[in-house]
$ cat structure-v1.pdb   # PDB, C-alpha atoms, pLDDT in the B column
ATOM      1  CA  MET A   1      89.260 116.376 -50.327  1.00 44.00           C
ATOM      2  CA  ALA A   2      85.467 116.376 -50.081  1.00 47.00           C
ATOM      3  CA  VAL A   3      83.688 113.109 -49.380  1.00 45.00           C
ATOM      4  CA  ALA A   4      80.897 112.230 -51.805  1.00 46.00           C
ATOM      5  CA  PRO A   5      77.474 111.890 -50.179  1.00 48.00           C
ATOM      6  CA  ALA A   6      76.032 108.420 -49.821  1.00 47.00           C
ATOM      7  CA  PRO A   7      73.868 107.443 -52.793  1.00 50.00           C
ATOM      8  CA  ARG A   8      70.153 107.221 -52.240  1.00 48.00           C
ATOM      9  CA  LEU A   9      68.543 103.880 -52.983  1.00 47.00           C
ATOM     10  CA  GLN A  10      64.902 104.551 -53.619  1.00 42.00           C
ATOM     11  CA  ALA A  11      62.249 102.488 -55.290  1.00 40.00           C
ATOM     12  CA  THR A  12      59.403 103.710 -57.411  1.00 34.00           C
ATOM     13  CA  PRO A  13      56.525 104.595 -55.062  1.00 37.00           C
ATOM     14  CA  GLY A  14      53.794 101.993 -55.024  1.00 38.00           C
ATOM     15  CA  VAL A  15      55.792  99.417 -56.995  1.00 37.00           C
ATOM     16  CA  ALA A  16      56.433  96.168 -55.154  1.00 42.00           C
ATOM     17  CA  VAL A  17      57.978  93.040 -56.593  1.00 41.00           C
ATOM     18  CA  ALA A  18      57.144  89.741 -54.911  1.00 47.00           C
ATOM     19  CA  GLU A  19      59.883  87.236 -54.212  1.00 47.00           C
ATOM     20  CA  PRO A  20      59.885  84.395 -56.765  1.00 52.00           C
ATOM     21  CA  GLY A  21      56.788  82.257 -56.263  1.00 55.00           C
ATOM     22  CA  GLY A  22      55.721  84.154 -53.150  1.00 54.00           C
ATOM     23  CA  ALA A  23      53.510  86.929 -51.905  1.00 56.00           C
ATOM     24  CA  GLU A  24      54.632  90.495 -51.291  1.00 56.00           C
ATOM     25  CA  ARG A  25      55.667  90.939 -47.652  1.00 59.00           C
ATOM     26  CA  ARG A  26      57.856  94.035 -47.733  1.00 54.00           C
ATOM     27  CA  GLY A  27      57.094  97.437 -46.329  1.00 62.00           C
ATOM     28  CA  ALA A  28      59.130  99.268 -48.999  1.00 66.00           C
ATOM     29  CA  GLY A  29      58.255  98.977 -52.690  1.00 80.00           C
ATOM     30  CA  ARG A  30      60.954  97.732 -55.036  1.00 82.00           C
ATOM     31  CA  GLU A  31      61.985  98.678 -58.533  1.00 92.00           C
ATOM     32  CA  ALA A  32      63.205  96.221 -61.132  1.00 95.00           C
ATOM     33  CA  ALA A  33      66.957  96.339 -61.758  1.00 95.00           C
ATOM     34  CA  ARG A  34      69.767  94.588 -63.601  1.00 96.00           C
ATOM     35  CA  ASP A  35      72.675  96.025 -61.637  1.00 97.00           C
ATOM     36  CA  LEU A  36      76.052  94.319 -62.019  1.00 96.00           C
ATOM     37  CA  SER A  37      77.325  93.805 -58.479  1.00 97.00           C
ATOM     38  CA  GLU A  38      79.807  91.878 -56.355  1.00 97.00           C
ATOM     39  CA  ILE A  39      79.490  89.992 -53.090  1.00 97.00           C
ATOM     40  CA  TRP A  40      82.413  90.293 -50.700  1.00 97.00           C
ATOM     41  CA  ILE A  41      82.638  87.663 -47.981  1.00 96.00           C
ATOM     42  CA  ALA A  42      84.763  88.267 -44.867  1.00 94.00           C
ATOM     43  CA  GLY A  43      88.154  86.587 -45.232  1.00 94.00           C
ATOM     44  CA  SER A  44      87.813  86.097 -49.003  1.00 93.00           C
ATOM     45  CA  LYS A  45      90.167  87.763 -51.482  1.00 95.00           C
ATOM     46  CA  VAL A  46      87.938  87.164 -54.501  1.00 95.00           C
ATOM     47  CA  PRO A  47      84.398  88.539 -54.897  1.00 96.00           C
ATOM     48  CA  ILE A  48      81.379  86.609 -56.182  1.00 96.00           C
ATOM     49  CA  THR A  49      79.685  88.144 -59.209  1.00 96.00           C
ATOM     50  CA  CYS A  50      75.975  88.800 -58.928  1.00 97.00           C
ATOM     51  CA  LEU A  51      73.069  90.792 -60.358  1.00 97.00           C
ATOM     52  CA  VAL A  52      70.738  92.922 -58.285  1.00 98.00           C
ATOM     53  CA  ARG A  53      67.347  91.980 -59.791  1.00 97.00           C
ATOM     54  CA  ASP A  54      65.229  94.434 -57.791  1.00 97.00           C
ATOM     55  CA  ILE A  55      65.959  96.991 -55.109  1.00 96.00           C
ATOM     56  CA  SER A  56      64.320  99.253 -52.533  1.00 95.00           C
ATOM     57  CA  ALA A  57      65.473 101.627 -49.831  1.00 93.00           C
ATOM     58  CA  THR A  58      65.634  98.717 -47.365  1.00 95.00           C
ATOM     59  CA  GLY A  59      66.811  95.690 -49.354  1.00 96.00           C
ATOM     60  CA  ALA A  60      67.257  93.880 -52.648  1.00 97.00           C
ATOM     61  CA  ARG A  61      66.813  90.602 -54.493  1.00 97.00           C
ATOM     62  CA  ILE A  62      70.032  89.281 -55.948  1.00 97.00           C
ATOM     63  CA  GLU A  63      71.012  86.458 -58.278  1.00 98.00           C
ATOM     64  CA  ALA A  64      74.470  85.133 -57.457  1.00 96.00           C
ATOM     65  CA  ALA A  65      76.896  82.946 -59.370  1.00 90.00           C
ATOM     66  CA  THR A  66      76.576  80.435 -56.501  1.00 90.00           C
ATOM     67  CA  ALA A  67      73.837  79.374 -54.100  1.00 89.00           C
ATOM     68  CA  THR A  68      76.309  79.069 -51.220  1.00 91.00           C
ATOM     69  CA  LEU A  69      76.387  82.435 -49.462  1.00 95.00           C
ATOM     70  CA  PRO A  70      76.828  83.342 -45.802  1.00 96.00           C
ATOM     71  CA  ASN A  71      74.044  85.071 -43.855  1.00 97.00           C
ATOM     72  CA  ARG A  72      75.884  88.431 -43.960  1.00 98.00           C
ATOM     73  CA  PHE A  73      78.170  89.940 -46.582  1.00 98.00           C
ATOM     74  CA  VAL A  74      79.107  93.186 -48.304  1.00 98.00           C
ATOM     75  CA  LEU A  75      77.251  93.976 -51.536  1.00 98.00           C
ATOM     76  CA  THR A  76      78.989  96.332 -53.973  1.00 98.00           C
ATOM     77  CA  ASN A  77      76.572  97.725 -56.570  1.00 97.00           C
ATOM     78  CA  PHE A  78      78.478  99.251 -59.498  1.00 96.00           C
ATOM     79  CA  ALA A  79      75.404 100.651 -61.270  1.00 95.00           C
ATOM     80  CA  ARG A  80      74.461 102.710 -58.194  1.00 95.00           C
ATOM     81  CA  ARG A  81      78.091 103.296 -57.150  1.00 96.00           C
ATOM     82  CA  CYS A  82      77.618 102.118 -53.562  1.00 96.00           C
ATOM     83  CA  ARG A  83      78.536  99.455 -51.027  1.00 97.00           C
ATOM     84  CA  VAL A  84      76.324  98.136 -48.199  1.00 97.00           C
ATOM     85  CA  VAL A  85      76.414  95.363 -45.583  1.00 98.00           C
ATOM     86  CA  VAL A  86      73.444  93.023 -46.057  1.00 98.00           C
ATOM     87  CA  GLU A  87      71.742  90.123 -44.292  1.00 98.00           C
ATOM     88  CA  VAL A  88      69.998  87.296 -46.165  1.00 98.00           C
ATOM     89  CA  VAL A  89      66.289  87.013 -45.283  1.00 97.00           C
ATOM     90  CA  TRP A  90      65.274  84.325 -47.797  1.00 97.00           C
ATOM     91  CA  ARG A  91      66.982  81.953 -50.287  1.00 96.00           C
ATOM     92  CA  ARG A  92      65.838  80.070 -53.374  1.00 96.00           C
ATOM     93  CA  ASP A  93      68.433  78.389 -55.605  1.00 93.00           C
ATOM     94  CA  ARG A  94      70.824  81.140 -56.773  1.00 94.00           C
ATOM     95  CA  HIS A  95      68.432  83.931 -55.739  1.00 97.00           C
ATOM     96  CA  CYS A  96      68.196  85.511 -52.306  1.00 97.00           C
ATOM     97  CA  GLY A  97      66.500  88.456 -50.680  1.00 97.00           C
ATOM     98  CA  VAL A  98      68.646  90.701 -48.512  1.00 98.00           C
ATOM     99  CA  ARG A  99      67.966  93.578 -46.159  1.00 97.00           C
ATOM    100  CA  PHE A 100      70.401  96.423 -45.749  1.00 97.00           C
ATOM    101  CA  ILE A 101      72.163  96.403 -42.367  1.00 97.00           C
ATOM    102  CA  THR A 102      74.154  99.604 -42.936  1.00 96.00           C
ATOM    103  CA  PRO A 103      73.351 102.727 -44.920  1.00 95.00           C
ATOM    104  CA  PRO A 104      74.797 102.597 -48.451  1.00 93.00           C
ATOM    105  CA  ARG A 105      78.232 104.193 -48.787  1.00 94.00           C
ATOM    106  CA  SER A 106      79.491 105.771 -51.967  1.00 94.00           C
ATOM    107  CA  LEU A 107      82.268 103.810 -53.705  1.00 92.00           C
ATOM    108  CA  GLU A 108      84.230 107.043 -53.905  1.00 87.00           C
ATOM    109  CA  ALA A 109      83.954 107.448 -50.111  1.00 77.00           C
ATOM    110  CA  VAL A 110      85.191 103.916 -49.404  1.00 63.00           C
ATOM    111  CA  GLY A 111      87.978 104.008 -51.976  1.00 61.00           C
ATOM    112  CA  ARG A 112      86.328 101.292 -54.077  1.00 52.00           C
TER     113      ARG A 112
END

$ encode --input "structure-v1.pdb" --output "structure tokens"
Amino acid sequence: MAVAPAPRLQATPGVAVAEPGGAERRGAGREAARDLSEIWIAGSKVPITCLVRDISATGARIEAATATLPNRFVLTNFARRCRVVVEVVWRRDRHCGVRFITPPRSLEAVGR
């Protein structure tokens, strides 16, 4: 059985979205998104629902159902059919900015 290639997460060139209330500090431009996603925390059997609000090749801004998130977790993005380990780099209420720690893996490759 062939393994599906990892999806590519690319932003629109030259488009950068600033974090809420802040200045743009990222090297990679982001594209606006409304991707239904889930946060998986180590040791938890139930995911936390979230929306990816913008995304780039190196990170994303997410809005979670809760403001209490660990510094690292697995983000499953259903719209882009991938899963990636992320690290929180900023937090504001239920929003946080994350950078990708691992390359995105196709949901088909990880068995969902």

$ residues_around --input "structure-v1.pdb" --residues "Ala60 (chain A)" --least-positions-apart "6" --cutoff "6 Å" --atoms "all atoms listed in the file" --output "number ranges by chain"
A: 54, 97-98

$ resolve_selection --input "structure-v1.pdb" --expression "the PyMOL selection byres ((chain A and resi 68) around 12)" --output "count of residues only"
20

$ atom_distance --input "structure-v1.pdb" --atom1 "CA of Glu38 (chain A)" --atom2 "CA of Val74 (chain A)"
8.2 Å

$ atom_distance --input "structure-v1.pdb" --atom1 "CA of Ile55 (chain A)" --atom2 "CA of Ala42 (chain A)"
23.1 Å

$ atom_distance --input "structure-v1.pdb" --atom1 "CA of Val84 (chain A)" --atom2 "CA of Pro104 (chain A)"
4.7 Å

$ closest_residue --input "structure-v1.pdb" --among "A:Cys50, A:Ala109, A:Ala57, A:Ala32" --to "Thr76 (chain A)" --atoms "only C-alpha atoms"
A:Cys50

$ closest_residue --input "structure-v1.pdb" --among "A:Trp90, A:Gly29, A:Ile62, A:Arg34" --to "Leu75 (chain A)" --atoms "all atoms listed in the file"
A:Ile62
